[in-house]
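For reference, start_35.cif is printed below; it contains mmCIF, C-alpha atoms and all ligand atoms.
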data_upload
loop_
_atom_site.label_atom_id
_atom_site.label_comp_id
_atom_site.auth_asym_id
_atom_site.auth_seq_id
_atom_site.Cartn_x
_atom_site.Cartn_y
_atom_site.Cartn_z
CA MET A 1192 0.00 0.00 0.00
CA ILE A 1193 1.26 3.43 -0.87
CA SER A 1194 0.32 6.29 1.34
CA ILE A 1195 0.87 9.61 -0.24
CA PHE A 1196 -0.26 12.38 1.96
CA CYS A 1197 1.00 12.42 5.45
CA PRO A 1198 3.52 10.63 7.64
CA PHE A 1199 1.10 10.42 10.58
CA SER A 1200 -0.91 7.25 10.52
CA TRP A 1201 -3.98 8.82 12.16
CA PHE A 1202 -4.18 11.21 9.27
CA LEU A 1203 -3.85 8.61 6.54
CA ASN A 1204 -7.39 7.32 6.80
CA ARG A 1205 -8.84 10.78 6.50
CA PHE A 1206 -7.51 11.59 3.04
CA VAL A 1207 -8.62 9.77 -0.06
CA CYS A 1208 -5.76 7.52 -1.10
CA VAL A 1209 -4.78 5.81 -4.31
CA LYS A 1210 -2.75 2.61 -4.54
CA ASN A 1211 -0.66 3.20 -7.59
CA PRO A 1212 3.07 4.02 -7.33
CA HIS A 1213 3.20 5.01 -11.01
CA LEU A 1214 1.07 8.11 -10.42
CA ASN A 1215 3.94 9.77 -8.53
CA SER A 1216 6.11 9.86 -11.62
CA MET A 1217 3.48 11.30 -13.95
CA ASP A 1218 3.89 14.92 -14.88
CA GLU A 1219 0.24 15.24 -15.76
CA ASP A 1220 -2.80 12.99 -15.27
CA ILE A 1221 -5.60 13.34 -17.79
CA LEU A 1222 -8.90 12.06 -16.41
CA TYR A 1223 -10.03 11.33 -19.93
CA HIS A 1224 -13.62 10.17 -19.36
CA LEU A 1225 -14.34 13.09 -17.03
CA ASP A 1226 -12.74 15.68 -19.32
CA LEU A 1227 -10.60 16.95 -16.43
CA GLY A 1228 -6.86 16.96 -15.81
CA THR A 1229 -4.23 17.87 -13.25
CA LYS A 1230 -2.63 20.51 -15.51
CA THR A 1231 -5.75 21.89 -17.13
CA HIS A 1232 -7.86 22.23 -13.97
CA ASN A 1233 -7.18 23.37 -10.43
CA LEU A 1234 -8.66 20.26 -8.83
CA PRO A 1235 -8.10 21.27 -5.17
CA ALA A 1236 -9.88 24.57 -5.80
CA MET A 1237 -12.70 22.93 -7.72
CA PHE A 1238 -13.25 19.88 -5.50
CA GLY A 1239 -11.24 20.24 -2.29
CA ASP A 1240 -14.35 20.75 -0.13
CA VAL A 1241 -16.16 17.60 -1.31
CA LYS A 1242 -17.38 15.48 1.58
CA PHE A 1243 -20.17 13.43 0.02
CA GLN A 1244 -20.12 11.79 -3.34
CA GLN A 1245 -23.26 10.44 -5.00
CA ASN A 1246 -23.60 8.55 -8.22
CA GLU A 1247 -26.78 10.02 -9.59
CA GLY A 1248 -28.12 13.40 -10.64
CA PHE A 1249 -29.00 14.36 -7.13
CA CYS A 1250 -27.43 17.78 -6.72
CA ALA A 1251 -30.47 19.93 -7.52
CA PHE A 1252 -32.48 18.05 -4.91
CA ILE A 1253 -29.88 18.25 -2.15
CA ARG A 1254 -29.10 21.86 -3.03
CA LYS A 1255 -32.69 22.77 -2.23
CA GLU A 1256 -32.74 20.57 0.88
CA LEU A 1257 -29.57 22.22 2.23
CA GLY A 1258 -30.84 25.69 1.31
CA LEU A 1259 -27.69 26.48 -0.71
CA GLU A 1260 -27.44 29.63 -2.80
CA GLY A 1261 -28.28 29.84 -6.51
CA SER A 1262 -30.89 28.37 -8.80
CA GLU A 1263 -31.05 24.96 -10.46
CA GLU A 1264 -30.01 26.59 -13.76
CA ASP A 1265 -26.69 27.60 -12.15
CA MET A 1266 -25.75 23.98 -11.86
CA GLN A 1267 -23.49 23.28 -14.81
CA ASP A 1268 -22.27 19.84 -15.80
CA ILE A 1269 -18.55 19.80 -14.90
CA CYS A 1270 -17.78 17.13 -17.53
CA THR A 1271 -19.05 19.23 -20.43
CA GLY A 1272 -16.45 18.06 -22.96
CA THR A 1273 -17.61 14.44 -22.81
CA ASP A 1274 -20.96 12.75 -22.97
CA ARG A 1275 -19.71 9.70 -21.07
CA TYR A 1276 -20.54 10.99 -17.59
CA CYS A 1277 -22.21 14.04 -16.05
CA MET A 1278 -20.93 15.57 -12.82
CA TYR A 1279 -22.50 18.22 -10.63
CA LYS A 1280 -21.28 19.83 -7.43
CA THR A 1281 -23.19 21.73 -4.80
CA GLY A 1282 -21.43 22.71 -1.57
CA PRO A 1283 -19.73 19.58 -0.22
CA VAL A 1284 -21.79 17.22 -2.40
CA LEU A 1285 -20.52 15.87 -5.72
CA SER A 1286 -22.90 13.88 -7.91
CA ILE A 1287 -21.95 11.73 -10.90
CA ASN A 1288 -23.84 9.22 -13.03
CA HIS A 1289 -22.00 6.00 -13.71
CA GLY A 1290 -23.75 4.30 -16.61
CA MET A 1291 -24.79 0.67 -16.46
CA GLY A 1292 -22.65 -2.23 -15.37
CA ILE A 1293 -19.28 -3.00 -13.84
CA PRO A 1294 -16.98 -1.74 -16.64
CA SER A 1295 -18.75 1.63 -16.79
CA ILE A 1296 -18.72 2.33 -13.04
CA SER A 1297 -15.19 0.97 -12.70
CA ILE A 1298 -13.76 3.46 -15.25
CA MET A 1299 -15.63 6.30 -13.55
CA LEU A 1300 -14.36 5.24 -10.11
CA HIS A 1301 -10.71 5.09 -11.19
CA GLU A 1302 -10.91 8.67 -12.41
CA LEU A 1303 -13.12 9.92 -9.59
CA ILE A 1304 -10.89 8.48 -6.86
CA LYS A 1305 -7.83 10.05 -8.50
CA LEU A 1306 -9.72 13.33 -8.73
CA LEU A 1307 -10.55 13.22 -4.99
CA TYR A 1308 -6.92 12.38 -4.29
CA TYR A 1309 -5.49 15.19 -6.42
CA ALA A 1310 -8.04 17.58 -4.91
CA LYS A 1311 -6.78 16.59 -1.44
CA CYS A 1312 -10.27 15.69 -0.25
CA TYR A 1313 -10.59 14.10 3.15
CA ASP A 1314 -13.32 12.46 5.25
CA VAL A 1315 -15.21 11.58 2.08
CA THR A 1316 -18.29 9.35 2.16
CA ILE A 1317 -19.26 7.80 -1.17
CA ILE A 1318 -22.73 6.43 -1.78
CA ARG A 1319 -24.15 4.69 -4.83
CA ILE A 1320 -27.87 5.37 -5.09
CA GLY A 1321 -29.91 3.63 -7.74
CA THR A 1322 -32.52 1.05 -8.64
CA SER A 1323 -32.60 -2.71 -8.33
CA GLY A 1324 -34.82 -5.76 -8.51
CA GLY A 1325 -36.01 -6.92 -5.09
CA ILE A 1326 -36.23 -10.51 -3.93
CA GLY A 1327 -39.12 -11.27 -1.58
CA ILE A 1328 -39.66 -7.65 -0.56
CA GLU A 1329 -42.23 -5.02 -1.36
CA PRO A 1330 -41.45 -2.84 -4.43
CA GLY A 1331 -40.46 0.67 -3.35
CA SER A 1332 -38.39 -0.70 -0.43
CA ILE A 1333 -34.83 0.47 0.02
CA VAL A 1334 -32.04 -2.05 0.48
CA ILE A 1335 -28.87 -0.79 2.15
CA THR A 1336 -26.19 -3.26 1.11
CA ASP A 1337 -24.03 -4.83 3.79
CA THR A 1338 -22.13 -7.04 1.33
CA ALA A 1339 -22.23 -7.30 -2.44
CA VAL A 1340 -22.19 -10.89 -3.69
CA ASP A 1341 -21.60 -12.41 -7.11
CA SER A 1342 -23.92 -14.69 -9.12
CA PHE A 1343 -22.71 -17.66 -7.04
CA PHE A 1344 -23.73 -15.79 -3.86
CA LYS A 1345 -20.06 -15.35 -2.93
CA PRO A 1346 -19.00 -12.13 -1.15
CA GLN A 1347 -16.29 -11.28 -3.67
CA PHE A 1348 -15.44 -9.52 -6.91
CA GLU A 1349 -13.16 -11.23 -9.39
CA GLN A 1350 -11.05 -8.62 -11.16
CA ILE A 1351 -8.97 -9.78 -14.08
CA ILE A 1352 -5.59 -8.03 -13.90
CA LEU A 1353 -3.32 -8.90 -16.83
CA ASP A 1354 -3.92 -12.64 -17.11
CA THR A 1355 -4.62 -13.25 -13.43
CA VAL A 1356 -7.94 -13.44 -11.62
CA VAL A 1357 -7.65 -11.38 -8.44
CA THR A 1358 -10.36 -11.89 -5.82
CA GLN A 1359 -11.36 -8.70 -4.00
CA ASN A 1360 -13.45 -8.11 -0.87
CA THR A 1361 -16.95 -6.67 -1.34
CA GLU A 1362 -17.99 -5.87 2.22
CA LEU A 1363 -19.25 -2.34 2.74
CA ASP A 1364 -18.87 -0.14 5.80
CA LYS A 1365 -21.08 -1.64 8.53
CA GLU A 1366 -21.24 1.49 10.68
CA LEU A 1367 -22.27 3.62 7.71
CA ALA A 1368 -24.99 1.10 6.78
CA GLU A 1369 -26.33 1.23 10.36
CA GLU A 1370 -26.21 5.03 10.38
CA LEU A 1371 -28.23 5.07 7.15
CA LEU A 1372 -30.72 2.58 8.57
CA LYS A 1373 -31.15 4.86 11.57
CA CYS A 1374 -31.83 7.81 9.24
CA SER A 1375 -34.51 5.73 7.50
CA LYS A 1376 -36.62 5.85 10.68
CA GLU A 1377 -37.24 9.50 9.79
CA VAL A 1378 -38.90 8.47 6.50
CA PRO A 1379 -41.39 5.79 7.51
CA ASP A 1380 -43.39 5.98 4.24
CA PHE A 1381 -41.33 3.16 2.67
CA PRO A 1382 -39.57 0.13 4.20
CA THR A 1383 -35.78 0.19 4.47
CA LEU A 1384 -33.65 -2.80 5.37
CA ILE A 1385 -30.05 -3.97 5.37
CA GLY A 1386 -29.28 -7.02 3.20
CA HIS A 1387 -26.92 -8.60 0.73
CA THR A 1388 -27.03 -7.33 -2.86
CA MET A 1389 -26.29 -9.58 -5.81
CA CYS A 1390 -24.28 -7.86 -8.54
CA THR A 1391 -24.58 -9.37 -12.03
CA TYR A 1392 -23.02 -8.77 -15.45
CA ASP A 1393 -26.38 -8.78 -17.23
CA PHE A 1394 -29.95 -7.57 -16.66
CA TYR A 1395 -31.71 -10.48 -18.41
CA GLU A 1396 -30.43 -14.07 -18.22
CA GLY A 1397 -27.78 -12.93 -15.75
CA GLN A 1398 -30.55 -11.91 -13.30
CA GLY A 1399 -32.66 -14.98 -14.04
CA ARG A 1400 -35.16 -13.18 -16.30
CA LEU A 1401 -37.38 -15.08 -18.69
CA ASP A 1402 -38.08 -12.05 -20.91
CA GLY A 1403 -34.78 -11.33 -22.68
CA ALA A 1404 -33.92 -12.02 -26.34
CA LEU A 1405 -32.31 -15.20 -25.06
CA CYS A 1406 -33.45 -17.54 -22.29
CA SER A 1407 -32.06 -21.00 -21.70
CA PHE A 1408 -33.86 -22.02 -18.47
CA SER A 1409 -37.39 -22.70 -17.16
CA ASN A 1410 -39.54 -20.69 -14.76
CA GLU A 1411 -38.96 -23.41 -12.13
CA LYS A 1412 -35.17 -23.08 -12.45
CA LYS A 1413 -35.42 -19.29 -12.21
CA LEU A 1414 -37.54 -19.43 -9.04
CA ASP A 1415 -35.31 -22.06 -7.47
CA TYR A 1416 -32.28 -19.80 -8.08
CA LEU A 1417 -33.93 -16.67 -6.69
CA GLN A 1418 -35.29 -18.53 -3.66
CA ARG A 1419 -31.84 -19.91 -2.92
CA ALA A 1420 -30.48 -16.37 -3.23
CA TYR A 1421 -33.13 -15.14 -0.75
CA LYS A 1422 -32.17 -17.87 1.74
CA THR A 1423 -28.56 -16.66 1.76
CA GLY A 1424 -29.72 -13.14 2.73
CA ILE A 1425 -29.79 -11.53 -0.74
CA ARG A 1426 -32.59 -8.97 -0.93
CA ASN A 1427 -31.90 -7.24 -4.25
CA ILE A 1428 -30.06 -7.50 -7.56
CA GLU A 1429 -28.25 -4.78 -9.49
CA MET A 1430 -25.16 -4.39 -11.65
CA GLU A 1431 -22.45 -2.24 -10.03
CA SER A 1432 -22.20 -2.88 -6.28
CA SER A 1433 -19.41 -5.48 -6.28
CA VAL A 1434 -16.73 -3.46 -8.06
CA PHE A 1435 -17.89 -0.32 -6.23
CA ALA A 1436 -17.45 -2.03 -2.84
CA ALA A 1437 -14.11 -3.54 -3.86
CA MET A 1438 -12.55 -0.36 -5.24
CA CYS A 1439 -13.78 1.91 -2.44
CA GLY A 1440 -12.59 -0.61 0.14
CA LEU A 1441 -9.12 -0.81 -1.41
CA CYS A 1442 -8.83 2.98 -1.48
CA GLY A 1443 -10.03 3.42 2.12
CA LEU A 1444 -13.24 5.23 1.18
CA LYS A 1445 -16.26 4.84 3.44
CA ALA A 1446 -18.88 3.57 1.03
CA ALA A 1447 -22.53 2.55 0.90
CA VAL A 1448 -24.96 1.22 -1.69
CA VAL A 1449 -28.57 2.35 -1.28
CA CYS A 1450 -30.98 1.06 -3.93
CA VAL A 1451 -34.73 1.13 -4.25
CA THR A 1452 -36.42 -2.02 -5.55
CA LEU A 1453 -38.68 -1.58 -8.59
CA LEU A 1454 -40.31 -5.03 -8.52
CA ASN A 1455 -40.35 -8.29 -6.62
CA ARG A 1456 -38.47 -10.79 -8.77
CA LEU A 1457 -40.31 -13.73 -7.15
CA GLU A 1458 -43.45 -12.34 -8.79
CA CYS A 1459 -42.40 -10.92 -12.16
CA ASP A 1460 -39.58 -9.93 -14.51
CA GLN A 1461 -40.99 -6.90 -16.29
CA ILE A 1462 -40.85 -3.45 -14.73
CA ASN A 1463 -44.46 -2.63 -15.42
CA LEU A 1464 -45.45 0.01 -12.88
CA PRO A 1465 -46.61 3.40 -14.20
CA ARG A 1466 -43.77 5.85 -14.93
CA GLU A 1467 -44.90 8.22 -12.16
CA VAL A 1468 -44.75 5.42 -9.57
CA LEU A 1469 -41.24 4.49 -10.73
CA LEU A 1470 -40.15 8.13 -10.54
CA GLU A 1471 -41.55 8.36 -7.02
CA TYR A 1472 -39.70 5.14 -6.04
CA GLN A 1473 -36.46 6.59 -7.39
CA GLN A 1474 -36.80 9.46 -4.96
CA HIS A 1475 -36.75 7.11 -1.95
CA PRO A 1476 -32.94 6.76 -1.82
CA GLN A 1477 -32.56 10.51 -2.43
CA LYS A 1478 -34.85 11.33 0.52
CA LEU A 1479 -32.91 9.00 2.79
CA ILE A 1480 -29.50 10.31 1.71
CA SER A 1481 -30.66 13.88 2.08
CA ILE A 1482 -31.51 13.22 5.74
CA PHE A 1483 -28.16 11.52 6.21
CA ILE A 1484 -26.24 14.46 4.73
CA LYS A 1485 -28.26 17.03 6.67
CA LYS A 1486 -27.64 15.13 9.91
CA ARG A 1487 -23.92 14.86 9.18
CA LEU A 1488 -23.78 18.63 8.51
CA GLY A 1489 -25.85 19.41 11.63
CA ARG A 1490 -28.63 20.87 9.48
CA TYR A 1491 -31.43 18.40 10.12
CA ASN A 1492 -34.66 19.88 11.40
CA PRO A 1493 -37.43 17.27 11.49
CA LYS A 1494 -40.68 18.75 10.14
O1 LIG A 1501 -30.51 2.57 -11.38
P1 LIG A 1501 -29.09 2.26 -11.71
O2 LIG A 1501 -28.15 2.98 -10.83
O3 LIG A 1501 -28.74 2.43 -13.17
O4 LIG A 1501 -28.87 0.68 -11.37
C1 LIG A 1501 -29.54 -0.42 -11.92
O5 LIG A 1501 -30.30 -0.16 -13.09
C2 LIG A 1501 -29.58 -0.58 -14.27
C3 LIG A 1501 -30.38 -1.64 -14.98
O6 LIG A 1501 -31.66 -1.19 -15.29
C4 LIG A 1501 -28.25 -1.12 -13.77
O7 LIG A 1501 -27.28 -0.11 -13.85
C5 LIG A 1501 -28.57 -1.50 -12.35
O8 LIG A 1501 -27.47 -1.58 -11.49
O1 LIG A 1502 -34.52 -5.89 -11.83
C1 LIG A 1502 -33.75 -4.93 -11.85
C2 LIG A 1502 -34.20 -3.59 -11.71
C3 LIG A 1502 -33.28 -2.57 -11.78
N1 LIG A 1502 -31.99 -2.88 -11.94
C4 LIG A 1502 -31.54 -4.14 -12.07
O2 LIG A 1502 -30.34 -4.37 -12.25
N2 LIG A 1502 -32.43 -5.14 -12.01
#
Represent the structure from my file as structure tokens, please.
Amino acid sequence: MISIFCPFSWFLNRFVCVKNPHLNSMDEDILYHLDLGTKTHNLPAMFGDVKFQQNEGFCAFIRKELGLEGSEEDMQDICTGTDRYCMYKTGPVLSINHGMGIPSISIMLHELIKLLYYAKCYDVTIIRIGTSGGIGIEPGSIVITDTAVDSFFKPQFEQIILDTVVTQNTELDKELAEELLKCSKEVPDFPTLIGHTMCTYDFYEGQGRLDGALCSFSNEKKLDYLQRAYKTGIRNIEMESSVFAAMCGLCGLKAAVVCVTLLNRLECDQINLPREVLLEYQQHPQKLISIFIKKRLGRYNPK
């Protein structure tokens, strides 16, 4: 492990760290997919005050909740030169979309973590908020992930590095998950629970769906698989949590995954609720995270 910032060990955990000795010898680092760079942008000035990082377009909402200055129109996409990702910042909150699937979020995280490192950010909490398919729970529920598991229900992420399979840990921060669960008591209008999240490489066959262009198994096989997943403690399925947990863990970032469930996969495969219901469900994680951020900043006033 390389520690870059400070010789005092108590300080090390506070700064975002990278684990790449080669970065030290680079004159310039171009964060290509974010359209930012260490020579072209003053990253500490732009991002040095970031304390919370979200993965969805969430800034306008939290800006209003925190009563920060300016209008929604003031919020410019920071990654204007690329259409790969969008990034917004309001006060100490940075919000980025990550696309779908492990490769997309992994590229974003490499560049984001370097950005936080170059910007000398410290005490950062990073939260993925998004949607998922629930298993055996009411649609609209939030699952706070304790551990991301793979399609074999194993708590690990297999990263292929050169021609070697490297197994990485996918446990998320337990204290942070509990703190988020505590915050959920303030929003009793939807259930929130802590559980395992299965992370897959595909939305259709990879999540046991019968409605893709390809399907090679029966309804009985599908249900048997999902019921076995439920028995191991898996409560939802999505497509990014494992590499997110692994990379954040390796870089010492306190991380959480907070996803709403759009359907109960023991009952159906299609996401067939009206658009307005789905949009309302997608606000559930935002409401919870907004309470969490307000509490952390000492700005929470229950209504
Ligand atoms: O709502 P988001 O964050 O995109 O997450 C889920 O939705 C997508 C599939 O519809 C996948 O990315 C999955 O992880
Ligand atoms: O079933 C679902 C719903 C949202 N996202 C997923 O990955 N799966």
Tell me which of A:Phe1381, A:Phe1435, A:Phe1343, A:Phe1483 sits closest to Leu1363 (chain A), counting only C-alpha atoms. A:Phe1435
Residues within 9 Å of ligand LIG 1502 (chain A) (only C-alpha atoms and all ligand atoms), as a PyMOL selection string? chain A and resi 1291-1292+1321-1325+1390-1391+1393-1395+1398+1400+1427-1431+1450-1456+1460-1462
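Separating CA of Thr1231 (chain A) from CA of Asp1268 (chain A) is a distance of 16.7 Å.
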Quick one, how far is CA of Met1266 (chain A) from CA of Phe1238 (chain A)?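 Value for the CA of Met1266 (chain A)-CA of Phe1238 (chain A) distance: 14.6 Å.
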Listed atoms of ligand LIG 1501 (chain A) boxed axis-aligned with 6 Å per side, centre + edges as JSON:
{"center_x": -29.5, "center_y": 0.7, "center_z": -13.1, "size_x": 16.4, "size_y": 16.6, "size_z": 16.5}
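Between CA of Ser1481 (chain A) and CA of Asp1364 (chain A) the interatomic distance comes to 18.7 Å.
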Quick one: of A:Ser1297, A:Ser1375, A:Thr1316, A:Asn1288, who's nearest to ligand LIG 1501 (chain A), counting all atoms listed in the file?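 Closest residue, counting all atoms listed in the file: A:Asn1288.
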Write out as a PyMOL selection string the residues lying within 12 Å of Ile1296 (chain A), counting only C-alpha atoms and excluding same-chain residues fewer than 5 positions away. chain A and resi 1224+1246-1247+1275-1276+1287-1291+1301-1304+1319+1430-1439
Kindly indicate which residue among A:Gln1477, A:Ile1328, A:Glu1256, A:Phe1206 lies nearest to Ser1286 (chain A), using only C-alpha atoms for the distances. A:Gln1477
Test item: residues at most 7 Å from Val1340 (chain A), only C-alpha atoms, excluding those fewer than 3 positions along its chain, as a PyMOL selection string: chain A and resi 1344-1347+1387-1390+1433
Residues from last step as file, C-alpha atoms, as a CSV table (one decimal), keeping the file's coordinate frame:
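Produced file again.csv, reproduced below:
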chain,number,residue,atom,x,y,z
A,1344,PHE,CA,-23.7,-15.8,-3.9
A,1345,LYS,CA,-20.1,-15.4,-2.9
A,1346,PRO,CA,-19.0,-12.1,-1.2
A,1347,GLN,CA,-16.3,-11.3,-3.7
A,1387,HIS,CA,-26.9,-8.6,0.7
A,1388,THR,CA,-27.0,-7.3,-2.9
A,1389,MET,CA,-26.3,-9.6,-5.8
A,1390,CYS,CA,-24.3,-7.9,-8.5
A,1433,SER,CA,-19.4,-5.5,-6.3
Among the residues A:Leu1367, A:Ile1320, A:Tyr1491, A:Met1278, the one that comes closest to ligand LIG 1501 (chain A) [using all atoms listed in the file]: A:Ile1320
Show me as a list of chain:residue names the residues that reach within 10 Å of (-27.3, 8.7, 6.1), counting all atoms listed in the file and using the file's own coordinates.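 Every residue inside that radius is included here: A:Thr1316, A:Ile1318, A:Leu1367, A:Ala1368, A:Glu1369, A:Glu1370, A:Leu1371, A:Leu1372, A:Lys1373, A:Cys1374, A:Ser1375, A:Ala1447, A:Val1449, A:Pro1476, A:Lys1478, A:Leu1479, A:Ile1480, A:Ser1481, A:Ile1482, A:Phe1483, A:Ile1484, A:Lys1485, A:Lys1486, A:Arg1487.
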Dump C-alpha atoms for the selected residues as an mmCIF file, keeping the file's coordinate frame?
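Everything below was put into out16.cif:
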data_model
loop_
_atom_site.group_PDB
_atom_site.id
_atom_site.type_symbol
_atom_site.label_atom_id
_atom_site.label_comp_id
_atom_site.auth_asym_id
_atom_site.auth_seq_id
_atom_site.Cartn_x
_atom_site.Cartn_y
_atom_site.Cartn_z
ATOM 1 C CA THR A 1316 -18.290 9.350 2.160
ATOM 2 C CA ILE A 1318 -22.730 6.430 -1.780
ATOM 3 C CA LEU A 1367 -22.270 3.620 7.710
ATOM 4 C CA ALA A 1368 -24.990 1.100 6.780
ATOM 5 C CA GLU A 1369 -26.330 1.230 10.360
ATOM 6 C CA GLU A 1370 -26.210 5.030 10.380
ATOM 7 C CA LEU A 1371 -28.230 5.070 7.150
ATOM 8 C CA LEU A 1372 -30.720 2.580 8.570
ATOM 9 C CA LYS A 1373 -31.150 4.860 11.570
ATOM 10 C CA CYS A 1374 -31.830 7.810 9.240
ATOM 11 C CA SER A 1375 -34.510 5.730 7.500
ATOM 12 C CA ALA A 1447 -22.530 2.550 0.900
ATOM 13 C CA VAL A 1449 -28.570 2.350 -1.280
ATOM 14 C CA PRO A 1476 -32.940 6.760 -1.820
ATOM 15 C CA LYS A 1478 -34.850 11.330 0.520
ATOM 16 C CA LEU A 1479 -32.910 9.000 2.790
ATOM 17 C CA ILE A 1480 -29.500 10.310 1.710
ATOM 18 C CA SER A 1481 -30.660 13.880 2.080
ATOM 19 C CA ILE A 1482 -31.510 13.220 5.740
ATOM 20 C CA PHE A 1483 -28.160 11.520 6.210
ATOM 21 C CA ILE A 1484 -26.240 14.460 4.730
ATOM 22 C CA LYS A 1485 -28.260 17.030 6.670
ATOM 23 C CA LYS A 1486 -27.640 15.130 9.910
ATOM 24 C CA ARG A 1487 -23.920 14.860 9.180
#
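Proximity to ligand LIG 1501 (chain A) was assessed for A:Leu1225, A:Ile1293, A:Leu1259, A:Val1357 counting only C-alpha atoms and all ligand atoms; the smallest distance is recorded for A:Ile1293.
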May I ask you to restore all heavy atoms in region 1316-1322 of chain A and write the result as a CSV table (one decimal), keeping the file's coordinate frame?
chain,number,residue,atom,x,y,z
A,1316,THR,N,-17.4,10.5,2.1
A,1316,THR,CA,-18.3,9.4,2.2
A,1316,THR,C,-18.9,9.2,0.8
A,1316,THR,O,-19.3,10.2,0.2
A,1316,THR,CB,-19.5,9.6,3.1
A,1316,THR,OG1,-18.9,9.8,4.4
A,1316,THR,CG2,-20.4,8.4,3.2
A,1317,ILE,N,-18.8,8.0,0.2
A,1317,ILE,CA,-19.3,7.8,-1.2
A,1317,ILE,C,-20.4,6.8,-1.2
A,1317,ILE,O,-20.4,5.8,-0.6
A,1317,ILE,CB,-18.1,7.3,-2.1
A,1317,ILE,CG1,-18.5,7.0,-3.5
A,1317,ILE,CG2,-17.4,6.1,-1.5
A,1317,ILE,CD1,-17.3,6.9,-4.5
A,1318,ILE,N,-21.5,7.3,-1.8
A,1318,ILE,CA,-22.7,6.4,-1.8
A,1318,ILE,C,-23.2,6.2,-3.2
A,1318,ILE,O,-23.5,7.2,-3.9
A,1318,ILE,CB,-23.8,7.1,-0.9
A,1318,ILE,CG1,-23.3,7.4,0.5
A,1318,ILE,CG2,-25.1,6.2,-0.9
A,1318,ILE,CD1,-24.2,8.2,1.4
A,1319,ARG,N,-23.5,5.0,-3.6
A,1319,ARG,CA,-24.2,4.7,-4.8
A,1319,ARG,C,-25.6,4.6,-4.5
A,1319,ARG,O,-26.1,3.9,-3.7
A,1319,ARG,CB,-23.7,3.4,-5.4
A,1319,ARG,CG,-24.7,2.8,-6.4
A,1319,ARG,CD,-24.2,1.7,-7.3
A,1319,ARG,NE,-25.3,0.8,-7.7
A,1319,ARG,CZ,-26.3,1.1,-8.5
A,1319,ARG,NH1,-26.4,2.3,-9.0
A,1319,ARG,NH2,-27.3,0.2,-8.8
A,1320,ILE,N,-26.4,5.5,-5.2
A,1320,ILE,CA,-27.9,5.4,-5.1
A,1320,ILE,C,-28.4,5.0,-6.4
A,1320,ILE,O,-27.9,5.4,-7.5
A,1320,ILE,CB,-28.5,6.7,-4.5
A,1320,ILE,CG1,-28.2,7.9,-5.4
A,1320,ILE,CG2,-28.1,6.9,-3.1
A,1320,ILE,CD1,-28.9,9.1,-4.9
A,1321,GLY,N,-29.4,4.1,-6.4
A,1321,GLY,CA,-29.9,3.6,-7.7
A,1321,GLY,C,-31.1,2.7,-7.6
A,1321,GLY,O,-31.8,2.7,-6.5
A,1322,THR,N,-31.4,2.0,-8.6
A,1322,THR,CA,-32.5,1.0,-8.6
A,1322,THR,C,-32.0,-0.4,-8.7
A,1322,THR,O,-30.9,-0.7,-8.9
A,1322,THR,CB,-33.4,1.3,-9.9
A,1322,THR,OG1,-32.6,1.0,-11.1
A,1322,THR,CG2,-33.9,2.7,-10.0
